[in-house]
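Structure data (mmCIF, N, CA and C atoms) from work_17.cif:
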```
data_run
#
loop_
_atom_site.group_PDB
_atom_site.id
_atom_site.type_symbol
_atom_site.label_atom_id
_atom_site.label_comp_id
_atom_site.auth_asym_id
_atom_site.auth_seq_id
_atom_site.Cartn_x
_atom_site.Cartn_y
_atom_site.Cartn_z
ATOM 1 N N MET V 1 41.662 23.113 -103.285
ATOM 2 C CA MET V 1 41.867 22.058 -102.303
ATOM 3 C C MET V 1 43.175 22.325 -101.564
ATOM 4 N N PRO V 2 43.164 22.202 -100.252
ATOM 5 C CA PRO V 2 44.384 22.442 -99.468
ATOM 6 C C PRO V 2 45.452 21.380 -99.750
ATOM 7 N N SER V 3 46.688 21.747 -99.480
ATOM 8 C CA SER V 3 47.783 20.786 -99.615
ATOM 9 C C SER V 3 47.657 19.727 -98.519
ATOM 10 N N ASP V 4 48.409 18.649 -98.670
ATOM 11 C CA ASP V 4 48.372 17.581 -97.661
ATOM 12 C C ASP V 4 48.779 18.100 -96.281
ATOM 13 N N ALA V 5 49.814 18.936 -96.237
ATOM 14 C CA ALA V 5 50.284 19.483 -94.960
ATOM 15 C C ALA V 5 49.223 20.391 -94.334
ATOM 16 N N GLU V 6 48.579 21.210 -95.153
ATOM 17 C CA GLU V 6 47.529 22.094 -94.647
ATOM 18 C C GLU V 6 46.332 21.283 -94.139
ATOM 19 N N LEU V 7 45.995 20.243 -94.883
ATOM 20 C CA LEU V 7 44.890 19.387 -94.505
ATOM 21 C C LEU V 7 45.165 18.660 -93.191
ATOM 22 N N ALA V 8 46.377 18.156 -93.044
ATOM 23 C CA ALA V 8 46.763 17.464 -91.810
ATOM 24 C C ALA V 8 46.685 18.415 -90.618
ATOM 25 N N ALA V 9 47.176 19.634 -90.793
ATOM 26 C CA ALA V 9 47.130 20.622 -89.708
ATOM 27 C C ALA V 9 45.684 20.994 -89.372
ATOM 28 N N LEU V 10 44.856 21.149 -90.390
ATOM 29 C CA LEU V 10 43.450 21.486 -90.182
ATOM 30 C C LEU V 10 42.736 20.363 -89.431
ATOM 31 N N LEU V 11 42.963 19.124 -89.854
ATOM 32 C CA LEU V 11 42.317 17.992 -89.197
ATOM 33 C C LEU V 11 42.758 17.855 -87.743
ATOM 34 N N ARG V 12 44.035 18.049 -87.499
ATOM 35 C CA ARG V 12 44.548 17.960 -86.123
ATOM 36 C C ARG V 12 43.903 19.044 -85.248
ATOM 37 N N ALA V 13 43.825 20.262 -85.779
ATOM 38 C CA ALA V 13 43.237 21.368 -85.013
ATOM 39 C C ALA V 13 41.763 21.103 -84.712
ATOM 40 N N VAL V 14 41.023 20.626 -85.711
ATOM 41 C CA VAL V 14 39.599 20.341 -85.504
ATOM 42 C C VAL V 14 39.435 19.187 -84.522
ATOM 43 N N LEU V 15 40.207 18.134 -84.694
ATOM 44 C CA LEU V 15 40.118 16.987 -83.783
ATOM 45 C C LEU V 15 40.427 17.408 -82.349
ATOM 46 N N ASP V 16 41.467 18.201 -82.172
ATOM 47 C CA ASP V 16 41.820 18.674 -80.825
ATOM 48 C C ASP V 16 40.706 19.519 -80.221
ATOM 49 N N GLU V 17 40.103 20.390 -81.034
ATOM 50 C CA GLU V 17 39.042 21.254 -80.526
ATOM 51 C C GLU V 17 37.785 20.448 -80.192
ATOM 52 N N VAL V 18 37.398 19.561 -81.090
ATOM 53 C CA VAL V 18 36.189 18.769 -80.880
ATOM 54 C C VAL V 18 36.349 17.818 -79.697
ATOM 55 N N CYS V 19 37.557 17.320 -79.490
ATOM 56 C CA CYS V 19 37.808 16.335 -78.431
ATOM 57 C C CYS V 19 38.318 16.955 -77.132
ATOM 58 N N VAL V 20 38.172 18.245 -76.980
ATOM 59 C CA VAL V 20 38.728 18.916 -75.809
ATOM 60 C C VAL V 20 38.207 18.307 -74.501
ATOM 61 N N ASN V 21 36.968 17.839 -74.474
ATOM 62 C CA ASN V 21 36.394 17.261 -73.259
ATOM 63 C C ASN V 21 36.348 15.734 -73.282
ATOM 64 N N VAL V 22 36.973 15.133 -74.294
ATOM 65 C CA VAL V 22 37.039 13.674 -74.381
ATOM 66 C C VAL V 22 38.356 13.242 -73.741
ATOM 67 N N PRO V 23 38.317 12.356 -72.769
ATOM 68 C CA PRO V 23 39.566 11.931 -72.128
ATOM 69 C C PRO V 23 40.547 11.363 -73.159
ATOM 70 N N SER V 24 41.819 11.660 -72.989
ATOM 71 C CA SER V 24 42.829 11.171 -73.933
ATOM 72 C C SER V 24 42.886 9.647 -73.953
ATOM 73 N N SER V 25 42.433 9.020 -72.895
ATOM 74 C CA SER V 25 42.412 7.561 -72.836
ATOM 75 C C SER V 25 41.260 6.961 -73.659
ATOM 76 N N ASP V 26 40.314 7.788 -74.065
ATOM 77 C CA ASP V 26 39.154 7.303 -74.831
ATOM 78 C C ASP V 26 39.488 7.302 -76.326
ATOM 79 N N VAL V 27 40.340 6.379 -76.713
ATOM 80 C CA VAL V 27 40.799 6.330 -78.104
ATOM 81 C C VAL V 27 39.702 5.885 -79.063
ATOM 82 N N VAL V 28 38.733 5.128 -78.591
ATOM 83 C CA VAL V 28 37.645 4.681 -79.458
ATOM 84 C C VAL V 28 36.835 5.879 -79.948
ATOM 85 N N THR V 29 36.458 6.764 -79.036
ATOM 86 C CA THR V 29 35.697 7.951 -79.422
ATOM 87 C C THR V 29 36.528 8.842 -80.329
ATOM 88 N N ARG V 30 37.776 9.037 -80.001
ATOM 89 C CA ARG V 30 38.645 9.867 -80.834
ATOM 90 C C ARG V 30 38.786 9.294 -82.245
ATOM 91 N N ARG V 31 38.896 7.987 -82.353
ATOM 92 C CA ARG V 31 38.998 7.356 -83.678
ATOM 93 C C ARG V 31 37.703 7.512 -84.457
ATOM 94 N N ARG V 32 36.585 7.390 -83.784
ATOM 95 C CA ARG V 32 35.287 7.569 -84.457
ATOM 96 C C ARG V 32 35.146 8.992 -84.988
ATOM 97 N N ILE V 33 35.557 9.955 -84.182
ATOM 98 C CA ILE V 33 35.483 11.353 -84.608
ATOM 99 C C ILE V 33 36.426 11.589 -85.782
ATOM 100 N N ALA V 34 37.639 11.057 -85.717
ATOM 101 C CA ALA V 34 38.599 11.204 -86.813
ATOM 102 C C ALA V 34 38.053 10.574 -88.089
ATOM 103 N N ALA V 35 37.400 9.428 -87.970
ATOM 104 C CA ALA V 35 36.810 8.774 -89.144
ATOM 105 C C ALA V 35 35.714 9.644 -89.748
ATOM 106 N N LYS V 36 34.938 10.289 -88.901
ATOM 107 C CA LYS V 36 33.873 11.174 -89.392
ATOM 108 C C LYS V 36 34.477 12.379 -90.108
ATOM 109 N N LEU V 37 35.595 12.880 -89.620
ATOM 110 C CA LEU V 37 36.266 13.996 -90.289
ATOM 111 C C LEU V 37 36.776 13.563 -91.661
ATOM 112 N N ARG V 38 37.353 12.375 -91.739
ATOM 113 C CA ARG V 38 37.814 11.859 -93.039
ATOM 114 C C ARG V 38 36.647 11.685 -94.004
ATOM 115 N N GLU V 39 35.526 11.227 -93.482
ATOM 116 C CA GLU V 39 34.322 11.068 -94.298
ATOM 117 C C GLU V 39 33.872 12.423 -94.854
ATOM 118 N N ALA V 40 33.922 13.448 -94.031
ATOM 119 C CA ALA V 40 33.551 14.793 -94.477
ATOM 120 C C ALA V 40 34.485 15.259 -95.590
ATOM 121 N N LEU V 41 35.759 14.969 -95.455
ATOM 122 C CA LEU V 41 36.711 15.356 -96.504
ATOM 123 C C LEU V 41 36.413 14.636 -97.813
ATOM 124 N N ARG V 42 36.079 13.362 -97.730
ATOM 125 C CA ARG V 42 35.746 12.605 -98.946
ATOM 126 C C ARG V 42 34.510 13.176 -99.632
ATOM 127 N N ALA V 43 33.659 13.851 -98.868
ATOM 128 C CA ALA V 43 32.461 14.494 -99.411
ATOM 129 C C ALA V 43 32.754 15.939 -99.821
ATOM 130 N N ASP V 44 34.048 16.269 -99.944
ATOM 131 C CA ASP V 44 34.495 17.616 -100.356
ATOM 132 C C ASP V 44 34.049 18.713 -99.410
ATOM 133 N N ARG V 45 33.989 18.412 -98.132
ATOM 134 C CA ARG V 45 33.672 19.421 -97.119
ATOM 135 C C ARG V 45 34.980 19.801 -96.425
ATOM 136 N N TYR V 46 35.606 20.857 -96.917
ATOM 137 C CA TYR V 46 36.928 21.261 -96.446
ATOM 138 C C TYR V 46 36.918 22.454 -95.512
ATOM 139 N N SER V 47 35.782 23.131 -95.375
ATOM 140 C CA SER V 47 35.787 24.338 -94.547
ATOM 141 C C SER V 47 35.926 23.977 -93.076
ATOM 142 N N LEU V 48 36.511 24.864 -92.348
ATOM 143 C CA LEU V 48 36.708 24.657 -90.913
ATOM 144 C C LEU V 48 35.378 24.391 -90.217
ATOM 145 N N GLU V 49 34.364 25.173 -90.543
ATOM 146 C CA GLU V 49 33.070 25.029 -89.881
ATOM 147 C C GLU V 49 32.400 23.711 -90.237
ATOM 148 N N GLU V 50 32.497 23.279 -91.486
ATOM 149 C CA GLU V 50 31.905 21.994 -91.875
ATOM 150 C C GLU V 50 32.579 20.831 -91.149
ATOM 151 N N LEU V 51 33.884 20.893 -91.014
ATOM 152 C CA LEU V 51 34.609 19.832 -90.320
ATOM 153 C C LEU V 51 34.266 19.822 -88.828
ATOM 154 N N LYS V 52 34.195 21.001 -88.230
ATOM 155 C CA LYS V 52 33.822 21.075 -86.816
ATOM 156 C C LYS V 52 32.420 20.519 -86.598
ATOM 157 N N GLN V 53 31.523 20.858 -87.492
ATOM 158 C CA GLN V 53 30.147 20.387 -87.377
ATOM 159 C C GLN V 53 30.090 18.863 -87.467
ATOM 160 N N ALA V 54 30.819 18.282 -88.402
ATOM 161 C CA ALA V 54 30.845 16.822 -88.545
ATOM 162 C C ALA V 54 31.439 16.171 -87.298
ATOM 163 N N GLY V 55 32.523 16.737 -86.801
ATOM 164 C CA GLY V 55 33.163 16.191 -85.604
ATOM 165 C C GLY V 55 32.288 16.298 -84.373
ATOM 166 N N ARG V 56 31.622 17.429 -84.215
ATOM 167 C CA ARG V 56 30.733 17.613 -83.056
ATOM 168 C C ARG V 56 29.557 16.639 -83.110
ATOM 169 N N ALA V 57 29.020 16.440 -84.296
ATOM 170 C CA ALA V 57 27.891 15.516 -84.440
ATOM 171 C C ALA V 57 28.308 14.105 -84.022
ATOM 172 N N MET V 58 29.493 13.692 -84.432
ATOM 173 C CA MET V 58 29.968 12.356 -84.065
ATOM 174 C C MET V 58 30.286 12.289 -82.576
ATOM 175 N N ARG V 59 30.885 13.341 -82.033
ATOM 176 C CA ARG V 59 31.196 13.344 -80.599
ATOM 177 C C ARG V 59 29.916 13.211 -79.792
ATOM 178 N N TRP V 60 28.895 13.940 -80.187
ATOM 179 C CA TRP V 60 27.630 13.891 -79.462
ATOM 180 C C TRP V 60 27.056 12.490 -79.496
ATOM 181 N N SER V 61 27.042 11.869 -80.673
ATOM 182 C CA SER V 61 26.453 10.532 -80.765
ATOM 183 C C SER V 61 27.348 9.478 -80.111
ATOM 184 N N ALA V 62 28.658 9.642 -80.181
ATOM 185 C CA ALA V 62 29.581 8.661 -79.597
ATOM 186 C C ALA V 62 29.591 8.738 -78.073
ATOM 187 N N CYS V 63 29.387 9.918 -77.526
ATOM 188 C CA CYS V 63 29.462 10.099 -76.071
ATOM 189 C C CYS V 63 28.117 9.922 -75.380
ATOM 190 N N ARG V 64 27.052 9.832 -76.151
ATOM 191 C CA ARG V 64 25.722 9.662 -75.588
ATOM 192 C C ARG V 64 25.575 8.260 -75.000
ATOM 193 N N PRO V 65 25.085 8.150 -73.803
ATOM 194 C CA PRO V 65 24.898 6.811 -73.217
ATOM 195 C C PRO V 65 23.931 5.986 -74.057
ATOM 196 N N CYS V 66 24.163 4.705 -74.110
ATOM 197 C CA CYS V 66 23.286 3.804 -74.865
ATOM 198 C C CYS V 66 21.870 3.903 -74.317
ATOM 199 N N GLY V 67 20.933 3.993 -75.211
ATOM 200 C CA GLY V 67 19.531 4.042 -74.818
ATOM 201 C C GLY V 67 19.050 5.437 -74.432
ATOM 202 N N ALA V 68 19.934 6.432 -74.437
ATOM 203 C CA ALA V 68 19.522 7.790 -74.069
ATOM 204 C C ALA V 68 18.616 8.361 -75.152
ATOM 205 N N ARG V 69 17.672 9.138 -74.754
ATOM 206 C CA ARG V 69 16.750 9.784 -75.682
ATOM 207 C C ARG V 69 17.154 11.226 -75.865
ATOM 208 N N ALA V 70 17.000 11.725 -77.085
ATOM 209 C CA ALA V 70 17.330 13.123 -77.381
ATOM 210 C C ALA V 70 16.263 14.036 -76.858
#
```

Final structure tokens representation of the file:
Amino acid sequence: MPSDAELAALLRAVLDEVCVNVPSSDVVTRRRIAAKLREALRADRYSLEELKQAGRAMRWSACRPCGARA
């Protein structure tokens, strides 16, 4: 398991990468994505790719217009 400092740096890097196209003013979406990353960590998913995947999944669902069909 990574140290707290390593984990914080990893989460920041993943959040920044996943949110690259999310406006900085959209704090609701960013918070939702961050919560999903924390959820992934609680499920012992520490790899960079697993965290990116969790963040991307949340970004996609959070940014999708209401009522949109996949």

Please evaluate the PyMOL selection byres (((chain V and resi 12 and name CA) around 12) and name CA) against the displayed coordinates and give the resulting residues as a PyMOL selection string. chain V and resi 5-11+13-20+30+33-34+37-38+48+51-52+55

Could you give me the residues within chain V that DSSP places in helix (DSSP H, G or I), as a PDB file with N, CA and C atoms, in the coordinates of the input?
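The result, stored in out.pdb:
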```pdb
ATOM      1  N   ASP V   4      48.409  18.649 -98.670  1.00  0.00           N
ATOM      2  CA  ASP V   4      48.372  17.581 -97.661  1.00  0.00           C
ATOM      3  C   ASP V   4      48.779  18.100 -96.281  1.00  0.00           C
ATOM      4  N   ALA V   5      49.814  18.936 -96.237  1.00  0.00           N
ATOM      5  CA  ALA V   5      50.284  19.483 -94.960  1.00  0.00           C
ATOM      6  C   ALA V   5      49.223  20.391 -94.334  1.00  0.00           C
ATOM      7  N   GLU V   6      48.579  21.210 -95.153  1.00  0.00           N
ATOM      8  CA  GLU V   6      47.529  22.094 -94.647  1.00  0.00           C
ATOM      9  C   GLU V   6      46.332  21.283 -94.139  1.00  0.00           C
ATOM     10  N   LEU V   7      45.995  20.243 -94.883  1.00  0.00           N
ATOM     11  CA  LEU V   7      44.890  19.387 -94.505  1.00  0.00           C
ATOM     12  C   LEU V   7      45.165  18.660 -93.191  1.00  0.00           C
ATOM     13  N   ALA V   8      46.377  18.156 -93.044  1.00  0.00           N
ATOM     14  CA  ALA V   8      46.763  17.464 -91.810  1.00  0.00           C
ATOM     15  C   ALA V   8      46.685  18.415 -90.618  1.00  0.00           C
ATOM     16  N   ALA V   9      47.176  19.634 -90.793  1.00  0.00           N
ATOM     17  CA  ALA V   9      47.130  20.622 -89.708  1.00  0.00           C
ATOM     18  C   ALA V   9      45.684  20.994 -89.372  1.00  0.00           C
ATOM     19  N   LEU V  10      44.856  21.149 -90.390  1.00  0.00           N
ATOM     20  CA  LEU V  10      43.450  21.486 -90.182  1.00  0.00           C
ATOM     21  C   LEU V  10      42.736  20.363 -89.431  1.00  0.00           C
ATOM     22  N   LEU V  11      42.963  19.124 -89.854  1.00  0.00           N
ATOM     23  CA  LEU V  11      42.317  17.992 -89.197  1.00  0.00           C
ATOM     24  C   LEU V  11      42.758  17.855 -87.743  1.00  0.00           C
ATOM     25  N   ARG V  12      44.035  18.049 -87.499  1.00  0.00           N
ATOM     26  CA  ARG V  12      44.548  17.960 -86.123  1.00  0.00           C
ATOM     27  C   ARG V  12      43.903  19.044 -85.248  1.00  0.00           C
ATOM     28  N   ALA V  13      43.825  20.262 -85.779  1.00  0.00           N
ATOM     29  CA  ALA V  13      43.237  21.368 -85.013  1.00  0.00           C
ATOM     30  C   ALA V  13      41.763  21.103 -84.712  1.00  0.00           C
ATOM     31  N   VAL V  14      41.023  20.626 -85.711  1.00  0.00           N
ATOM     32  CA  VAL V  14      39.599  20.341 -85.504  1.00  0.00           C
ATOM     33  C   VAL V  14      39.435  19.187 -84.522  1.00  0.00           C
ATOM     34  N   LEU V  15      40.207  18.134 -84.694  1.00  0.00           N
ATOM     35  CA  LEU V  15      40.118  16.987 -83.783  1.00  0.00           C
ATOM     36  C   LEU V  15      40.427  17.408 -82.349  1.00  0.00           C
ATOM     37  N   ASP V  16      41.467  18.201 -82.172  1.00  0.00           N
ATOM     38  CA  ASP V  16      41.820  18.674 -80.825  1.00  0.00           C
ATOM     39  C   ASP V  16      40.706  19.519 -80.221  1.00  0.00           C
ATOM     40  N   GLU V  17      40.103  20.390 -81.034  1.00  0.00           N
ATOM     41  CA  GLU V  17      39.042  21.254 -80.526  1.00  0.00           C
ATOM     42  C   GLU V  17      37.785  20.448 -80.192  1.00  0.00           C
ATOM     43  N   VAL V  18      37.398  19.561 -81.090  1.00  0.00           N
ATOM     44  CA  VAL V  18      36.189  18.769 -80.880  1.00  0.00           C
ATOM     45  C   VAL V  18      36.349  17.818 -79.697  1.00  0.00           C
ATOM     46  N   VAL V  27      40.340   6.379 -76.713  1.00  0.00           N
ATOM     47  CA  VAL V  27      40.799   6.330 -78.104  1.00  0.00           C
ATOM     48  C   VAL V  27      39.702   5.885 -79.063  1.00  0.00           C
ATOM     49  N   VAL V  28      38.733   5.128 -78.591  1.00  0.00           N
ATOM     50  CA  VAL V  28      37.645   4.681 -79.458  1.00  0.00           C
ATOM     51  C   VAL V  28      36.835   5.879 -79.948  1.00  0.00           C
ATOM     52  N   THR V  29      36.458   6.764 -79.036  1.00  0.00           N
ATOM     53  CA  THR V  29      35.697   7.951 -79.422  1.00  0.00           C
ATOM     54  C   THR V  29      36.528   8.842 -80.329  1.00  0.00           C
ATOM     55  N   ARG V  30      37.776   9.037 -80.001  1.00  0.00           N
ATOM     56  CA  ARG V  30      38.645   9.867 -80.834  1.00  0.00           C
ATOM     57  C   ARG V  30      38.786   9.294 -82.245  1.00  0.00           C
ATOM     58  N   ARG V  31      38.896   7.987 -82.353  1.00  0.00           N
ATOM     59  CA  ARG V  31      38.998   7.356 -83.678  1.00  0.00           C
ATOM     60  C   ARG V  31      37.703   7.512 -84.457  1.00  0.00           C
ATOM     61  N   ARG V  32      36.585   7.390 -83.784  1.00  0.00           N
ATOM     62  CA  ARG V  32      35.287   7.569 -84.457  1.00  0.00           C
ATOM     63  C   ARG V  32      35.146   8.992 -84.988  1.00  0.00           C
ATOM     64  N   ILE V  33      35.557   9.955 -84.182  1.00  0.00           N
ATOM     65  CA  ILE V  33      35.483  11.353 -84.608  1.00  0.00           C
ATOM     66  C   ILE V  33      36.426  11.589 -85.782  1.00  0.00           C
ATOM     67  N   ALA V  34      37.639  11.057 -85.717  1.00  0.00           N
ATOM     68  CA  ALA V  34      38.599  11.204 -86.813  1.00  0.00           C
ATOM     69  C   ALA V  34      38.053  10.574 -88.089  1.00  0.00           C
ATOM     70  N   ALA V  35      37.400   9.428 -87.970  1.00  0.00           N
ATOM     71  CA  ALA V  35      36.810   8.774 -89.144  1.00  0.00           C
ATOM     72  C   ALA V  35      35.714   9.644 -89.748  1.00  0.00           C
ATOM     73  N   LYS V  36      34.938  10.289 -88.901  1.00  0.00           N
ATOM     74  CA  LYS V  36      33.873  11.174 -89.392  1.00  0.00           C
ATOM     75  C   LYS V  36      34.477  12.379 -90.108  1.00  0.00           C
ATOM     76  N   LEU V  37      35.595  12.880 -89.620  1.00  0.00           N
ATOM     77  CA  LEU V  37      36.266  13.996 -90.289  1.00  0.00           C
ATOM     78  C   LEU V  37      36.776  13.563 -91.661  1.00  0.00           C
ATOM     79  N   ARG V  38      37.353  12.375 -91.739  1.00  0.00           N
ATOM     80  CA  ARG V  38      37.814  11.859 -93.039  1.00  0.00           C
ATOM     81  C   ARG V  38      36.647  11.685 -94.004  1.00  0.00           C
ATOM     82  N   GLU V  39      35.526  11.227 -93.482  1.00  0.00           N
ATOM     83  CA  GLU V  39      34.322  11.068 -94.298  1.00  0.00           C
ATOM     84  C   GLU V  39      33.872  12.423 -94.854  1.00  0.00           C
ATOM     85  N   ALA V  40      33.922  13.448 -94.031  1.00  0.00           N
ATOM     86  CA  ALA V  40      33.551  14.793 -94.477  1.00  0.00           C
ATOM     87  C   ALA V  40      34.485  15.259 -95.590  1.00  0.00           C
ATOM     88  N   LEU V  41      35.759  14.969 -95.455  1.00  0.00           N
ATOM     89  CA  LEU V  41      36.711  15.356 -96.504  1.00  0.00           C
ATOM     90  C   LEU V  41      36.413  14.636 -97.813  1.00  0.00           C
ATOM     91  N   ARG V  42      36.079  13.362 -97.730  1.00  0.00           N
ATOM     92  CA  ARG V  42      35.746  12.605 -98.946  1.00  0.00           C
ATOM     93  C   ARG V  42      34.510  13.176 -99.632  1.00  0.00           C
ATOM     94  N   LEU V  48      36.511  24.864 -92.348  1.00  0.00           N
ATOM     95  CA  LEU V  48      36.708  24.657 -90.913  1.00  0.00           C
ATOM     96  C   LEU V  48      35.378  24.391 -90.217  1.00  0.00           C
ATOM     97  N   GLU V  49      34.364  25.173 -90.543  1.00  0.00           N
ATOM     98  CA  GLU V  49      33.070  25.029 -89.881  1.00  0.00           C
ATOM     99  C   GLU V  49      32.400  23.711 -90.237  1.00  0.00           C
ATOM    100  N   GLU V  50      32.497  23.279 -91.486  1.00  0.00           N
ATOM    101  CA  GLU V  50      31.905  21.994 -91.875  1.00  0.00           C
ATOM    102  C   GLU V  50      32.579  20.831 -91.149  1.00  0.00           C
ATOM    103  N   LEU V  51      33.884  20.893 -91.014  1.00  0.00           N
ATOM    104  CA  LEU V  51      34.609  19.832 -90.320  1.00  0.00           C
ATOM    105  C   LEU V  51      34.266  19.822 -88.828  1.00  0.00           C
ATOM    106  N   LYS V  52      34.195  21.001 -88.230  1.00  0.00           N
ATOM    107  CA  LYS V  52      33.822  21.075 -86.816  1.00  0.00           C
ATOM    108  C   LYS V  52      32.420  20.519 -86.598  1.00  0.00           C
ATOM    109  N   GLN V  53      31.523  20.858 -87.492  1.00  0.00           N
ATOM    110  CA  GLN V  53      30.147  20.387 -87.377  1.00  0.00           C
ATOM    111  C   GLN V  53      30.090  18.863 -87.467  1.00  0.00           C
ATOM    112  N   ALA V  54      30.819  18.282 -88.402  1.00  0.00           N
ATOM    113  CA  ALA V  54      30.845  16.822 -88.545  1.00  0.00           C
ATOM    114  C   ALA V  54      31.439  16.171 -87.298  1.00  0.00           C
ATOM    115  N   GLY V  55      32.523  16.737 -86.801  1.00  0.00           N
ATOM    116  CA  GLY V  55      33.163  16.191 -85.604  1.00  0.00           C
ATOM    117  C   GLY V  55      32.288  16.298 -84.373  1.00  0.00           C
ATOM    118  N   ARG V  56      31.622  17.429 -84.215  1.00  0.00           N
ATOM    119  CA  ARG V  56      30.733  17.613 -83.056  1.00  0.00           C
ATOM    120  C   ARG V  56      29.557  16.639 -83.110  1.00  0.00           C
ATOM    121  N   ALA V  57      29.020  16.440 -84.296  1.00  0.00           N
ATOM    122  CA  ALA V  57      27.891  15.516 -84.440  1.00  0.00           C
ATOM    123  C   ALA V  57      28.308  14.105 -84.022  1.00  0.00           C
ATOM    124  N   MET V  58      29.493  13.692 -84.432  1.00  0.00           N
ATOM    125  CA  MET V  58      29.968  12.356 -84.065  1.00  0.00           C
ATOM    126  C   MET V  58      30.286  12.289 -82.576  1.00  0.00           C
ATOM    127  N   ARG V  59      30.885  13.341 -82.033  1.00  0.00           N
ATOM    128  CA  ARG V  59      31.196  13.344 -80.599  1.00  0.00           C
ATOM    129  C   ARG V  59      29.916  13.211 -79.792  1.00  0.00           C
ATOM    130  N   TRP V  60      28.895  13.940 -80.187  1.00  0.00           N
ATOM    131  CA  TRP V  60      27.630  13.891 -79.462  1.00  0.00           C
ATOM    132  C   TRP V  60      27.056  12.490 -79.496  1.00  0.00           C
ATOM    133  N   SER V  61      27.042  11.869 -80.673  1.00  0.00           N
ATOM    134  CA  SER V  61      26.453  10.532 -80.765  1.00  0.00           C
ATOM    135  C   SER V  61      27.348   9.478 -80.111  1.00  0.00           C
ATOM    136  N   ALA V  62      28.658   9.642 -80.181  1.00  0.00           N
ATOM    137  CA  ALA V  62      29.581   8.661 -79.597  1.00  0.00           C
ATOM    138  C   ALA V  62      29.591   8.738 -78.073  1.00  0.00           C
ATOM    139  N   CYS V  63      29.387   9.918 -77.526  1.00  0.00           N
ATOM    140  CA  CYS V  63      29.462  10.099 -76.071  1.00  0.00           C
ATOM    141  C   CYS V  63      28.117   9.922 -75.380  1.00  0.00           C
TER     142      CYS V  63
END
```

Work out how far apart CA of Asp44 (chain V) and CA of Met1 (chain V) are and give it in Å to one decimal. 8.8 Å

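Taking atom N of Glu39 (chain V) as the reference point, atom N of Asp4 (chain V) is found at 15.7 Å.
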
Separation of atom N of Gln53 (chain V) from atom N of Asp26 (chain V), in Å and rounded to one decimal: 20.7 Å

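Minimum distance to Arg59 (chain V) across V:Ser24, V:Lys36, V:Ser3, V:Ser47 (counting only C-alpha atoms) occurs at V:Lys36.
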
Complete region 9-20 of chain V with N, CA, C and O atoms (output as a PDB file, in the coordinates of the input).
```
ATOM      1  N   ALA V   9      47.176  19.634 -90.793  1.00  0.00           N
ATOM      2  CA  ALA V   9      47.130  20.622 -89.708  1.00  0.00           C
ATOM      3  C   ALA V   9      45.684  20.994 -89.372  1.00  0.00           C
ATOM      4  O   ALA V   9      45.322  21.116 -88.192  1.00  0.00           O
ATOM      5  N   LEU V  10      44.856  21.149 -90.390  1.00  0.00           N
ATOM      6  CA  LEU V  10      43.450  21.486 -90.182  1.00  0.00           C
ATOM      7  C   LEU V  10      42.736  20.363 -89.431  1.00  0.00           C
ATOM      8  O   LEU V  10      42.020  20.610 -88.460  1.00  0.00           O
ATOM      9  N   LEU V  11      42.963  19.124 -89.854  1.00  0.00           N
ATOM     10  CA  LEU V  11      42.317  17.992 -89.197  1.00  0.00           C
ATOM     11  C   LEU V  11      42.758  17.855 -87.743  1.00  0.00           C
ATOM     12  O   LEU V  11      41.936  17.582 -86.862  1.00  0.00           O
ATOM     13  N   ARG V  12      44.035  18.049 -87.499  1.00  0.00           N
ATOM     14  CA  ARG V  12      44.548  17.960 -86.123  1.00  0.00           C
ATOM     15  C   ARG V  12      43.903  19.044 -85.248  1.00  0.00           C
ATOM     16  O   ARG V  12      43.465  18.782 -84.126  1.00  0.00           O
ATOM     17  N   ALA V  13      43.825  20.262 -85.779  1.00  0.00           N
ATOM     18  CA  ALA V  13      43.237  21.368 -85.013  1.00  0.00           C
ATOM     19  C   ALA V  13      41.763  21.103 -84.712  1.00  0.00           C
ATOM     20  O   ALA V  13      41.301  21.321 -83.584  1.00  0.00           O
ATOM     21  N   VAL V  14      41.023  20.626 -85.711  1.00  0.00           N
ATOM     22  CA  VAL V  14      39.599  20.341 -85.504  1.00  0.00           C
ATOM     23  C   VAL V  14      39.435  19.187 -84.522  1.00  0.00           C
ATOM     24  O   VAL V  14      38.616  19.260 -83.600  1.00  0.00           O
ATOM     25  N   LEU V  15      40.207  18.134 -84.694  1.00  0.00           N
ATOM     26  CA  LEU V  15      40.118  16.987 -83.783  1.00  0.00           C
ATOM     27  C   LEU V  15      40.427  17.408 -82.349  1.00  0.00           C
ATOM     28  O   LEU V  15      39.711  17.039 -81.419  1.00  0.00           O
ATOM     29  N   ASP V  16      41.467  18.201 -82.172  1.00  0.00           N
ATOM     30  CA  ASP V  16      41.820  18.674 -80.825  1.00  0.00           C
ATOM     31  C   ASP V  16      40.706  19.519 -80.221  1.00  0.00           C
ATOM     32  O   ASP V  16      40.375  19.389 -79.047  1.00  0.00           O
ATOM     33  N   GLU V  17      40.103  20.390 -81.034  1.00  0.00           N
ATOM     34  CA  GLU V  17      39.042  21.254 -80.526  1.00  0.00           C
ATOM     35  C   GLU V  17      37.785  20.448 -80.192  1.00  0.00           C
ATOM     36  O   GLU V  17      37.172  20.629 -79.134  1.00  0.00           O
ATOM     37  N   VAL V  18      37.398  19.561 -81.090  1.00  0.00           N
ATOM     38  CA  VAL V  18      36.189  18.769 -80.880  1.00  0.00           C
ATOM     39  C   VAL V  18      36.349  17.818 -79.697  1.00  0.00           C
ATOM     40  O   VAL V  18      35.399  17.567 -78.958  1.00  0.00           O
ATOM     41  N   CYS V  19      37.557  17.320 -79.490  1.00  0.00           N
ATOM     42  CA  CYS V  19      37.808  16.335 -78.431  1.00  0.00           C
ATOM     43  C   CYS V  19      38.318  16.955 -77.132  1.00  0.00           C
ATOM     44  O   CYS V  19      38.809  16.233 -76.267  1.00  0.00           O
ATOM     45  N   VAL V  20      38.172  18.245 -76.980  1.00  0.00           N
ATOM     46  CA  VAL V  20      38.728  18.916 -75.809  1.00  0.00           C
ATOM     47  C   VAL V  20      38.207  18.307 -74.501  1.00  0.00           C
ATOM     48  O   VAL V  20      38.937  18.231 -73.519  1.00  0.00           O
TER      49      VAL V  20
END
```
